[in-house]
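In what follows, a single structure is set out as C-alpha cells and then discussed.
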Amino acid sequence: MDTLFSHVSVVTMDARMSVWLDAFVGVTDGKISYLGKKPPEEKPGSIIDGTGMVMMPGLINCHTHLPMALLRGYADDLALQTWLGEYIFPREEHLDARAVKAAALLGIAECLRFGVTSVSDMYYFEDAVAEAVAQSGIKANLSLATTMFLGDDFDFETYPACREMVALHGKWHGYDSGRIKIDCSIHAEYTSTYQLWDALAEYAINNRLGMHVHLSETRAEHEECMEKYGLTPAQVLDCHHVFDARTIAAHCVHLTEDDMRLLAKRGVSAVHCPVSNLKLASGCADVMGMVRAGMNVCLGTDSAASNNNLDLFEEIKACALMAKGKTGDPTAVGAEAALMMATVCGARAQGREKECGQIAVGMDADLILLDFNQPHLIPCHNLLSNLVYAASGHDVALTMVRGKILYCAGKYPTIDLNAVAQELHDYAIPTAFSDEKKEPDA
C-alpha cells in the first residue's frame with residue numbers, strides 16, 4: 001500500500017450515498033485498495049492524517065475552455081454575442097500555441113486547487129492544451145472547437161480544423177492509459193453547417209469518440225435555428241446523427257420538453273453551467289425537467305472569462321439554488337443530487353464511470369480532501385449539506401489523481417506556477433492583447 005488516509009470522513013458517492021466517519025482509505029498503484037473502519041493490516045508507505053478532513057471523489061468539470069483563463073475579467077457585464085463578437089473573438093485571433101499552453105497550465109492549476117480531477121475542454125490549439133494536461137497529471141477529455149461555413153465546398157480531408165482534429169486523435173487519444181481522451185467537437189449549430197455535422201458525426205462514430213457541442217445556450221440561438229430550419233438545434237443536429245456518438249451538450253438552457261425527451265433517448269448528457277449562464281443572462285436551464293425526461297445532467301464552469309473562476313463548488317451550490325428559484329420548490333435538486341452531478345454524473349458523461357466518480361475499492365484514486373476545521377464549516381450537522389451550501393473550492397487541502405498528489409497546501413508538484421505566471425506576463429498576455437495582426441503559421 002502506497003498511501004493510507006487515516007481518521008477521515010468519507011463521502012463515497014456510491015448508490016446508497018454512504019458516508020463513513022473516522023475511516024481509513026488505502027491507495028495502491030493509483031487505485032483505491034482499501035476502505036474500512038479499522039486500519040489495514042498492510043503497512044503503508046506513507047500515512048496522511050485525515051482528522052477533521054472530508055474525503056470525496058474528485059470533481060469533474062464537464063464543460064470549460066481552459067486557456068480562456070487568459071481573458072479573465074477582460075470583458076464583463078455584457079450579452080453573450082456582444083461579449084464574443086466584440087471582445088473575446090478579436091483577442092483569440094492573436095493567440096498561438098505557446099500562449100495557449102501557458103494559459104491552459106494556469107487553468108489546470110486553478111482546477112486542481114479547487115478539487116477538480118478531470119475536465120472536458122473545448123478550445124483551439126488543442127495539441128498545446130494536451131501538452132499541458134500531460135504535464136500536469138489531471139485527466140481530460142479534449143476536443144478541438146470546430147466551426148465551418150464553406151457549405152458544399154467543405155472537404156473533410158483538406159479542411160484545416162478537421163486535419164488538426166485527426167492529428168490530435170492520432171497523437172493523444174488514450175495517452176497514459178486513457179488519462180487523455182480525444183472527443184470530436186461541433187462548436188455549435190449556429191457556427192457551422194450540416195456538411196461539418198455529417199462528417200464529424202461519421203468520424204466520431206467510426207472511431208468510437210465522444211462529441212462535445214454547445215446547445216441552445218441563448219434564446220436568440222434557439223429561435224434563429226427554428227426560423228432557419230423549422231427545427232430546434234437539438235432536432236436539427238439529431239437529423240445529422242450527431243448524437244449517435246456519446247455526446248455532452250453544454251448549457252441546454254432553452255431546450256423544449258420534446259428536446260429533452262429526444263436527448264434522453266439518445267443518451268446525451270447535459271452540462272449545466274449555472275454561474276456563466278446567470279452572468280451572461282442566458283437564462284436558467286430546466287434541470288428538473290431534464291432529469292424527469294431521463295437525461296444525465298452534470299456540471300461545468302464554462303470559461304474563466306465568463307464565470308470568472310473555475311471553482312466547481314460554486315456551480316454545485318448555484319445549481320441547487322437555481323433549481324429551487326426556478327421551480328419555487330425548496331426540495332428541487334437537493335444536496336445529494338447536486339453532488340451527484342459534480343461526480344458520478346460527470347464521470348458518466350465523460351465515459352469514465354468505471355474509473356472515477358466514487359470512493360470505492362478498485363476505482364482510480366481520484367480524490368480530494370477538504371478541511372472542515374474552518375469556521376464556516378462548523379458545526380457540521382449534515383456533511384452533505386455543508387459540502388453544497390457552505391464549502392468552497394478554497395477549502396480543498398489536497399487533490400489526488402490516480403494516486404499522485406497534484407495539489408497540496410498551496411503547492412503544485414507537477415506545475416511550476418511561478419514559471420507559468422512569468423510566461424503569461426512576458427508572452428501570453430502581450431500576444432493576446434497586441435494590436436498587431438497575427439501572421440499565419442508558415
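In the C-alpha cells, the first chain shown is A, the next is B, and so on; residue numbers restart at 1 for each chain, and ligands run from 1 in the order shown.
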Review point. Near Asn277 in chain A, counting only C-alpha atoms, which residues have an atom at most 10 Å away, once you skip same-chain residues fewer than 5 positions from it, shown as an NGL selection string?
Key: :A and (80 or 217-218 or 251 or 253 or 272 or 282-285 or 301-302 or 306-307)
Review point. Leaving out Ala75 in chain A and any residue of its chain fewer than 2 positions from it, which residues lie within 9 Å of it when counting only C-alpha atoms, given as a ChimeraX atom specification?
Key: /A:71-73,77-78,83,87-88,305-306
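Compared by their closest atoms to Ser136 in chain A, and using only C-alpha atoms, the residues A:Cys162, A:Leu21, A:Leu105, A:Ala421 rank with A:Leu105 nearest.
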Exercise for review: Write out as a VMD selection string all residues of range 152-285 of chain A that DSSP puts in alpha helix (DSSP H) for this structure's backbone.
Suggested key: chain A and resid 160 to 172 175 to 178 194 to 206 219 to 229 233 to 239 257 to 266 274 to 279
Exercise for review: Go through range 41-164 of chain A and collect every residue that DSSP, computed from the backbone, puts in strand (DSSP E or B); the answer should be as a PyMOL selection string.
Suggested key: chain A and resi 46-49+53-57+59-64+116-123+139-144+146
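Nearest to Met341 in chain A of all the residues A:Ala109, A:Ala365, A:Leu144, A:Leu59 is A:Leu59, counting only C-alpha atoms.
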Practice item. Identify, on the basis of only C-alpha atoms, every residue whose closest approach to Lys43 in chain A does not exceed 10 Å; exclude the query and any residue fewer than 5 positions from it along the same chain; express the result as a list in words. Key: Met1, Asp2, Thr3 and Leu4 of chain A
Residues of range 144-251 of chain A that approach range 260-267 of chain A to 12 Å or less, counting only C-alpha atoms: could you list each one with the shortest pair of atoms and its distance in Å to one decimal, rows by chain and increasing residue number, as a Markdown table?
| residue | atom | partner | partner_atom | distance |
| --- | --- | --- | --- | --- |
| A:Gly210 | CA | A:Gly267 | CA | 11.7 |
| A:Met211 | CA | A:Gly267 | CA | 11.8 |
| A:Leu215 | CA | A:Leu263 | CA | 11.1 |
| A:Ser216 | CA | A:Met260 | CA | 11.5 |
| A:Thr232 | CA | A:Leu262 | CA | 11.2 |
| A:Pro233 | CA | A:Leu263 | CA | 11.3 |
| A:Ala234 | CA | A:Leu263 | CA | 7.6 |
| A:Gln235 | CA | A:Leu262 | CA | 7.9 |
| A:Val236 | CA | A:Leu262 | CA | 11.4 |
| A:Leu237 | CA | A:Leu263 | CA | 10.7 |
| A:Asp238 | CA | A:Leu262 | CA | 8.5 |
| A:Cys239 | CA | A:Leu262 | CA | 11.2 |
| A:His241 | CA | A:Arg266 | CA | 9.8 |
| A:Val242 | CA | A:Arg266 | CA | 9.8 |
| A:Phe243 | CA | A:Arg266 | CA | 6.2 |
| A:Asp244 | CA | A:Arg266 | CA | 6.8 |
| A:Ala245 | CA | A:Arg266 | CA | 8.8 |
| A:Arg246 | CA | A:Gly267 | CA | 7.1 |
| A:Thr247 | CA | A:Gly267 | CA | 7.5 |
| A:Ile248 | CA | A:Gly267 | CA | 9.2 |
| A:Ala249 | CA | A:Leu263 | CA | 9.3 |
**Study point:** Exercise: Asn141 in chain A partners within 8 Å, only C-alpha atoms, chain neighbours under 3 positions left out, as a PyMOL selection string
**Key:** chain A and resi 118-121+180-183+350
Written selection (N, CA, C and O atoms) as a PDB file, in the first residue's frame:
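The resulting file, result_38.pdb, is shown below:
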ATOM      1  N   SER A 118     -10.809  15.966 -13.243  1.00  0.00           N
ATOM      2  CA  SER A 118     -10.995  15.663 -14.666  1.00  0.00           C
ATOM      3  C   SER A 118     -11.798  16.785 -15.303  1.00  0.00           C
ATOM      4  O   SER A 118     -12.732  17.318 -14.694  1.00  0.00           O
ATOM      5  N   VAL A 119     -11.421  17.140 -16.535  1.00  0.00           N
ATOM      6  CA  VAL A 119     -12.099  18.223 -17.248  1.00  0.00           C
ATOM      7  C   VAL A 119     -12.470  17.780 -18.660  1.00  0.00           C
ATOM      8  O   VAL A 119     -11.818  16.913 -19.245  1.00  0.00           O
ATOM      9  N   SER A 120     -13.526  18.392 -19.192  1.00  0.00           N
ATOM     10  CA  SER A 120     -13.833  18.291 -20.621  1.00  0.00           C
ATOM     11  C   SER A 120     -13.600  19.667 -21.210  1.00  0.00           C
ATOM     12  O   SER A 120     -14.339  20.613 -20.913  1.00  0.00           O
ATOM     13  N   ASP A 121     -12.551  19.779 -22.013  1.00  0.00           N
ATOM     14  CA  ASP A 121     -12.136  21.074 -22.545  1.00  0.00           C
ATOM     15  C   ASP A 121     -12.432  21.158 -24.030  1.00  0.00           C
ATOM     16  O   ASP A 121     -12.192  20.207 -24.782  1.00  0.00           O
ATOM     17  N   ILE A 180      -5.864  10.885 -21.018  1.00  0.00           N
ATOM     18  CA  ILE A 180      -6.355  11.847 -22.004  1.00  0.00           C
ATOM     19  C   ILE A 180      -7.217  11.102 -23.014  1.00  0.00           C
ATOM     20  O   ILE A 180      -6.815  10.067 -23.550  1.00  0.00           O
ATOM     21  N   LYS A 181      -8.409  11.628 -23.249  1.00  0.00           N
ATOM     22  CA  LYS A 181      -9.277  11.143 -24.312  1.00  0.00           C
ATOM     23  C   LYS A 181      -9.545  12.301 -25.269  1.00  0.00           C
ATOM     24  O   LYS A 181      -9.659  13.453 -24.843  1.00  0.00           O
ATOM     25  N   ILE A 182      -9.654  11.982 -26.532  1.00  0.00           N
ATOM     26  CA  ILE A 182      -9.990  12.992 -27.541  1.00  0.00           C
ATOM     27  C   ILE A 182     -11.439  12.803 -27.966  1.00  0.00           C
ATOM     28  O   ILE A 182     -11.867  11.699 -28.295  1.00  0.00           O
ATOM     29  N   ASP A 183     -12.189  13.888 -27.910  1.00  0.00           N
ATOM     30  CA  ASP A 183     -13.559  13.913 -28.415  1.00  0.00           C
ATOM     31  C   ASP A 183     -13.609  14.768 -29.669  1.00  0.00           C
ATOM     32  O   ASP A 183     -12.743  15.625 -29.884  1.00  0.00           O
ATOM     33  N   GLN A 350     -18.335  11.707 -19.323  1.00  0.00           N
ATOM     34  CA  GLN A 350     -17.017  11.587 -19.951  1.00  0.00           C
ATOM     35  C   GLN A 350     -16.697  10.165 -20.410  1.00  0.00           C
ATOM     36  O   GLN A 350     -15.649   9.933 -21.002  1.00  0.00           O
TER      37      GLN A 350
END
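Non-sequential neighbours of Thr193 in chain A (distance at most 8 Å, separation of 5 or more positions within a chain, only C-alpha atoms) are Met148, Phe149, Leu150 and Gly151 of chain A.
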Check your understanding: In Å, with one decimal, what is the gap from CA of Cys298 in chain A to CA of Gly357 in chain A?
Key -> 11.6 Å
Exercise for review: Select, from A:Val27, A:Met17, A:Ala104, A:Ile60, the residue with the minimum atom-to-atom distance to Lys139 in chain A, counting only C-alpha atoms.
Suggested key: A:Ile60
Which residues are near Val10 in chain A? Cut-off 10 Å, only C-alpha atoms, ignore same chain within fewer than 6 positions. Put them as a PDB file with all heavy atoms, in the first residue's frame.
ATOM      1  N   SER A  18     -23.352   6.483   0.821  1.00  0.00           N
ATOM      2  CA  SER A  18     -22.764   6.112   2.109  1.00  0.00           C
ATOM      3  C   SER A  18     -21.735   7.136   2.561  1.00  0.00           C
ATOM      4  O   SER A  18     -20.930   7.626   1.762  1.00  0.00           O
ATOM      5  CB  SER A  18     -22.093   4.737   2.018  1.00  0.00           C
ATOM      6  OG  SER A  18     -23.002   3.763   1.558  1.00  0.00           O
ATOM      7  N   VAL A  19     -21.770   7.450   3.843  1.00  0.00           N
ATOM      8  CA  VAL A  19     -20.778   8.321   4.461  1.00  0.00           C
ATOM      9  C   VAL A  19     -20.114   7.541   5.594  1.00  0.00           C
ATOM     10  O   VAL A  19     -20.792   7.001   6.474  1.00  0.00           O
ATOM     11  CB  VAL A  19     -21.425   9.607   5.014  1.00  0.00           C
ATOM     12  CG1 VAL A  19     -20.387  10.441   5.764  1.00  0.00           C
ATOM     13  CG2 VAL A  19     -22.044  10.426   3.878  1.00  0.00           C
ATOM     14  N   TRP A  20     -18.794   7.476   5.546  1.00  0.00           N
ATOM     15  CA  TRP A  20     -18.017   6.761   6.562  1.00  0.00           C
ATOM     16  C   TRP A  20     -17.314   7.798   7.445  1.00  0.00           C
ATOM     17  O   TRP A  20     -16.547   8.627   6.936  1.00  0.00           O
ATOM     18  CB  TRP A  20     -16.961   5.865   5.920  1.00  0.00           C
ATOM     19  CG  TRP A  20     -17.483   4.735   5.083  1.00  0.00           C
ATOM     20  CD1 TRP A  20     -18.345   4.806   4.038  1.00  0.00           C
ATOM     21  CD2 TRP A  20     -17.143   3.361   5.215  1.00  0.00           C
ATOM     22  NE1 TRP A  20     -18.577   3.571   3.499  1.00  0.00           N
ATOM     23  CE2 TRP A  20     -17.841   2.647   4.211  1.00  0.00           C
ATOM     24  CE3 TRP A  20     -16.316   2.639   6.081  1.00  0.00           C
ATOM     25  CZ2 TRP A  20     -17.740   1.275   4.049  1.00  0.00           C
ATOM     26  CZ3 TRP A  20     -16.211   1.269   5.919  1.00  0.00           C
ATOM     27  CH2 TRP A  20     -16.921   0.598   4.926  1.00  0.00           C
ATOM     28  N   LEU A  21     -17.559   7.755   8.737  1.00  0.00           N
ATOM     29  CA  LEU A  21     -16.894   8.656   9.670  1.00  0.00           C
ATOM     30  C   LEU A  21     -15.701   7.948  10.302  1.00  0.00           C
ATOM     31  O   LEU A  21     -15.741   6.748  10.577  1.00  0.00           O
ATOM     32  CB  LEU A  21     -17.873   9.107  10.751  1.00  0.00           C
ATOM     33  CG  LEU A  21     -19.140   9.816  10.254  1.00  0.00           C
ATOM     34  CD1 LEU A  21     -20.033  10.193  11.432  1.00  0.00           C
ATOM     35  CD2 LEU A  21     -18.789  11.047   9.415  1.00  0.00           C
ATOM     36  N   ASP A  22     -14.628   8.697  10.512  1.00  0.00           N
ATOM     37  CA  ASP A  22     -13.413   8.162  11.140  1.00  0.00           C
ATOM     38  C   ASP A  22     -12.958   6.877  10.436  1.00  0.00           C
ATOM     39  O   ASP A  22     -12.763   5.830  11.058  1.00  0.00           O
ATOM     40  CB  ASP A  22     -13.642   7.895  12.623  1.00  0.00           C
ATOM     41  CG  ASP A  22     -12.335   7.670  13.378  1.00  0.00           C
ATOM     42  OD1 ASP A  22     -11.289   8.179  12.922  1.00  0.00           O
ATOM     43  OD2 ASP A  22     -12.362   6.966  14.408  1.00  0.00           O
ATOM     44  N   ALA A  23     -12.805   6.972   9.128  1.00  0.00           N
ATOM     45  CA  ALA A  23     -12.487   5.795   8.310  1.00  0.00           C
ATOM     46  C   ALA A  23     -11.032   5.822   7.841  1.00  0.00           C
ATOM     47  O   ALA A  23     -10.287   6.786   8.069  1.00  0.00           O
ATOM     48  CB  ALA A  23     -13.425   5.739   7.109  1.00  0.00           C
ATOM     49  N   PHE A  24     -10.664   4.719   7.163  1.00  0.00           N
ATOM     50  CA  PHE A  24      -9.311   4.571   6.614  1.00  0.00           C
ATOM     51  C   PHE A  24      -9.435   4.226   5.129  1.00  0.00           C
ATOM     52  O   PHE A  24     -10.224   3.352   4.752  1.00  0.00           O
ATOM     53  CB  PHE A  24      -8.548   3.466   7.354  1.00  0.00           C
ATOM     54  CG  PHE A  24      -8.297   3.782   8.796  1.00  0.00           C
ATOM     55  CD1 PHE A  24      -9.286   3.578   9.743  1.00  0.00           C
ATOM     56  CD2 PHE A  24      -7.082   4.308   9.192  1.00  0.00           C
ATOM     57  CE1 PHE A  24      -9.059   3.871  11.083  1.00  0.00           C
ATOM     58  CE2 PHE A  24      -6.843   4.606  10.532  1.00  0.00           C
ATOM     59  CZ  PHE A  24      -7.843   4.396  11.473  1.00  0.00           C
ATOM     60  N   VAL A  25      -8.663   4.932   4.295  1.00  0.00           N
ATOM     61  CA  VAL A  25      -8.689   4.711   2.852  1.00  0.00           C
ATOM     62  C   VAL A  25      -7.266   4.464   2.370  1.00  0.00           C
ATOM     63  O   VAL A  25      -6.369   5.302   2.595  1.00  0.00           O
ATOM     64  CB  VAL A  25      -9.291   5.920   2.100  1.00  0.00           C
ATOM     65  CG1 VAL A  25      -9.265   5.672   0.585  1.00  0.00           C
ATOM     66  CG2 VAL A  25     -10.719   6.192   2.574  1.00  0.00           C
ATOM     67  N   LEU A  35     -10.929   0.403   2.025  1.00  0.00           N
ATOM     68  CA  LEU A  35     -11.869   1.315   2.665  1.00  0.00           C
ATOM     69  C   LEU A  35     -12.453   0.583   3.866  1.00  0.00           C
ATOM     70  O   LEU A  35     -13.105  -0.461   3.711  1.00  0.00           O
ATOM     71  CB  LEU A  35     -12.987   1.727   1.697  1.00  0.00           C
ATOM     72  CG  LEU A  35     -14.151   2.553   2.275  1.00  0.00           C
ATOM     73  CD1 LEU A  35     -13.642   3.875   2.854  1.00  0.00           C
ATOM     74  CD2 LEU A  35     -15.208   2.811   1.202  1.00  0.00           C
ATOM     75  N   GLY A  50      -6.133  12.309   8.336  1.00  0.00           N
ATOM     76  CA  GLY A  50      -7.340  12.952   7.835  1.00  0.00           C
ATOM     77  C   GLY A  50      -8.243  13.500   8.930  1.00  0.00           C
ATOM     78  O   GLY A  50      -9.406  13.822   8.669  1.00  0.00           O
ATOM     79  N   MET A  53     -10.822  16.227   8.362  1.00  0.00           N
ATOM     80  CA  MET A  53     -10.917  16.351   6.911  1.00  0.00           C
ATOM     81  C   MET A  53     -12.081  15.526   6.364  1.00  0.00           C
ATOM     82  O   MET A  53     -12.484  14.523   6.958  1.00  0.00           O
ATOM     83  CB  MET A  53      -9.622  15.863   6.244  1.00  0.00           C
ATOM     84  CG  MET A  53      -8.379  16.648   6.627  1.00  0.00           C
ATOM     85  SD  MET A  53      -8.305  18.223   5.764  1.00  0.00           S
ATOM     86  CE  MET A  53      -6.689  18.823   6.295  1.00  0.00           C
ATOM     87  N   VAL A  54     -12.575  15.945   5.233  1.00  0.00           N
ATOM     88  CA  VAL A  54     -13.592  15.199   4.496  1.00  0.00           C
ATOM     89  C   VAL A  54     -13.022  14.789   3.150  1.00  0.00           C
ATOM     90  O   VAL A  54     -12.494  15.624   2.413  1.00  0.00           O
ATOM     91  CB  VAL A  54     -14.882  16.027   4.297  1.00  0.00           C
ATOM     92  CG1 VAL A  54     -15.844  15.311   3.351  1.00  0.00           C
ATOM     93  CG2 VAL A  54     -15.563  16.293   5.631  1.00  0.00           C
ATOM     94  N   MET A  55     -13.101  13.489   2.848  1.00  0.00           N
ATOM     95  CA  MET A  55     -12.672  12.982   1.548  1.00  0.00           C
ATOM     96  C   MET A  55     -13.900  12.746   0.680  1.00  0.00           C
ATOM     97  O   MET A  55     -14.926  12.253   1.150  1.00  0.00           O
ATOM     98  CB  MET A  55     -11.909  11.668   1.696  1.00  0.00           C
ATOM     99  CG  MET A  55     -11.526  11.018   0.360  1.00  0.00           C
ATOM    100  SD  MET A  55     -10.762   9.380   0.550  1.00  0.00           S
ATOM    101  CE  MET A  55      -9.181   9.831   1.247  1.00  0.00           C
ATOM    102  N   MET A  56     -13.789  13.102  -0.576  1.00  0.00           N
ATOM    103  CA  MET A  56     -14.831  12.800  -1.545  1.00  0.00           C
ATOM    104  C   MET A  56     -14.176  12.578  -2.900  1.00  0.00           C
ATOM    105  O   MET A  56     -12.988  12.877  -3.082  1.00  0.00           O
ATOM    106  CB  MET A  56     -15.855  13.933  -1.617  1.00  0.00           C
ATOM    107  CG  MET A  56     -15.331  15.245  -2.180  1.00  0.00           C
ATOM    108  SD  MET A  56     -16.624  16.523  -2.334  1.00  0.00           S
ATOM    109  CE  MET A  56     -17.659  15.799  -3.630  1.00  0.00           C
ATOM    110  N   PRO A  57     -14.908  12.014  -3.866  1.00  0.00           N
ATOM    111  CA  PRO A  57     -14.322  11.866  -5.199  1.00  0.00           C
ATOM    112  C   PRO A  57     -13.950  13.229  -5.769  1.00  0.00           C
ATOM    113  O   PRO A  57     -14.604  14.248  -5.492  1.00  0.00           O
ATOM    114  CB  PRO A  57     -15.462  11.235  -6.017  1.00  0.00           C
ATOM    115  CG  PRO A  57     -16.389  10.645  -5.008  1.00  0.00           C
ATOM    116  CD  PRO A  57     -16.292  11.514  -3.800  1.00  0.00           C
ATOM    117  N   ILE A 359     -15.718   6.942  -4.343  1.00  0.00           N
ATOM    118  CA  ILE A 359     -14.671   6.380  -3.493  1.00  0.00           C
ATOM    119  C   ILE A 359     -15.057   4.921  -3.250  1.00  0.00           C
ATOM    120  O   ILE A 359     -15.944   4.613  -2.449  1.00  0.00           O
ATOM    121  CB  ILE A 359     -14.557   7.128  -2.151  1.00  0.00           C
ATOM    122  CG1 ILE A 359     -14.274   8.621  -2.379  1.00  0.00           C
ATOM    123  CG2 ILE A 359     -13.465   6.493  -1.288  1.00  0.00           C
ATOM    124  CD1 ILE A 359     -12.960   8.921  -3.040  1.00  0.00           C
ATOM    125  N   LEU A 369      -9.399  16.117  -0.486  1.00  0.00           N
ATOM    126  CA  LEU A 369      -9.625  16.337   0.936  1.00  0.00           C
ATOM    127  C   LEU A 369     -10.029  17.793   1.139  1.00  0.00           C
ATOM    128  O   LEU A 369      -9.401  18.700   0.581  1.00  0.00           O
ATOM    129  CB  LEU A 369      -8.368  16.064   1.764  1.00  0.00           C
ATOM    130  CG  LEU A 369      -7.878  14.626   1.919  1.00  0.00           C
ATOM    131  CD1 LEU A 369      -6.652  14.611   2.830  1.00  0.00           C
ATOM    132  CD2 LEU A 369      -8.957  13.731   2.483  1.00  0.00           C
ATOM    133  N   LEU A 383     -23.109  16.565   6.746  1.00  0.00           N
ATOM    134  CA  LEU A 383     -21.879  16.696   5.963  1.00  0.00           C
ATOM    135  C   LEU A 383     -22.183  17.062   4.507  1.00  0.00           C
ATOM    136  O   LEU A 383     -21.515  17.922   3.922  1.00  0.00           O
ATOM    137  CB  LEU A 383     -21.094  15.386   6.052  1.00  0.00           C
ATOM    138  CG  LEU A 383     -19.585  15.436   5.805  1.00  0.00           C
ATOM    139  CD1 LEU A 383     -18.922  14.249   6.472  1.00  0.00           C
ATOM    140  CD2 LEU A 383     -19.290  15.423   4.329  1.00  0.00           C
TER     141      LEU A 383
END
Check your understanding: Which residue out of A:Tyr412, A:Phe313, A:Tyr34, A:Phe5 has the minimum interatomic distance to Leu387 in chain A when only C-alpha atoms are used?
Key -> A:Phe313
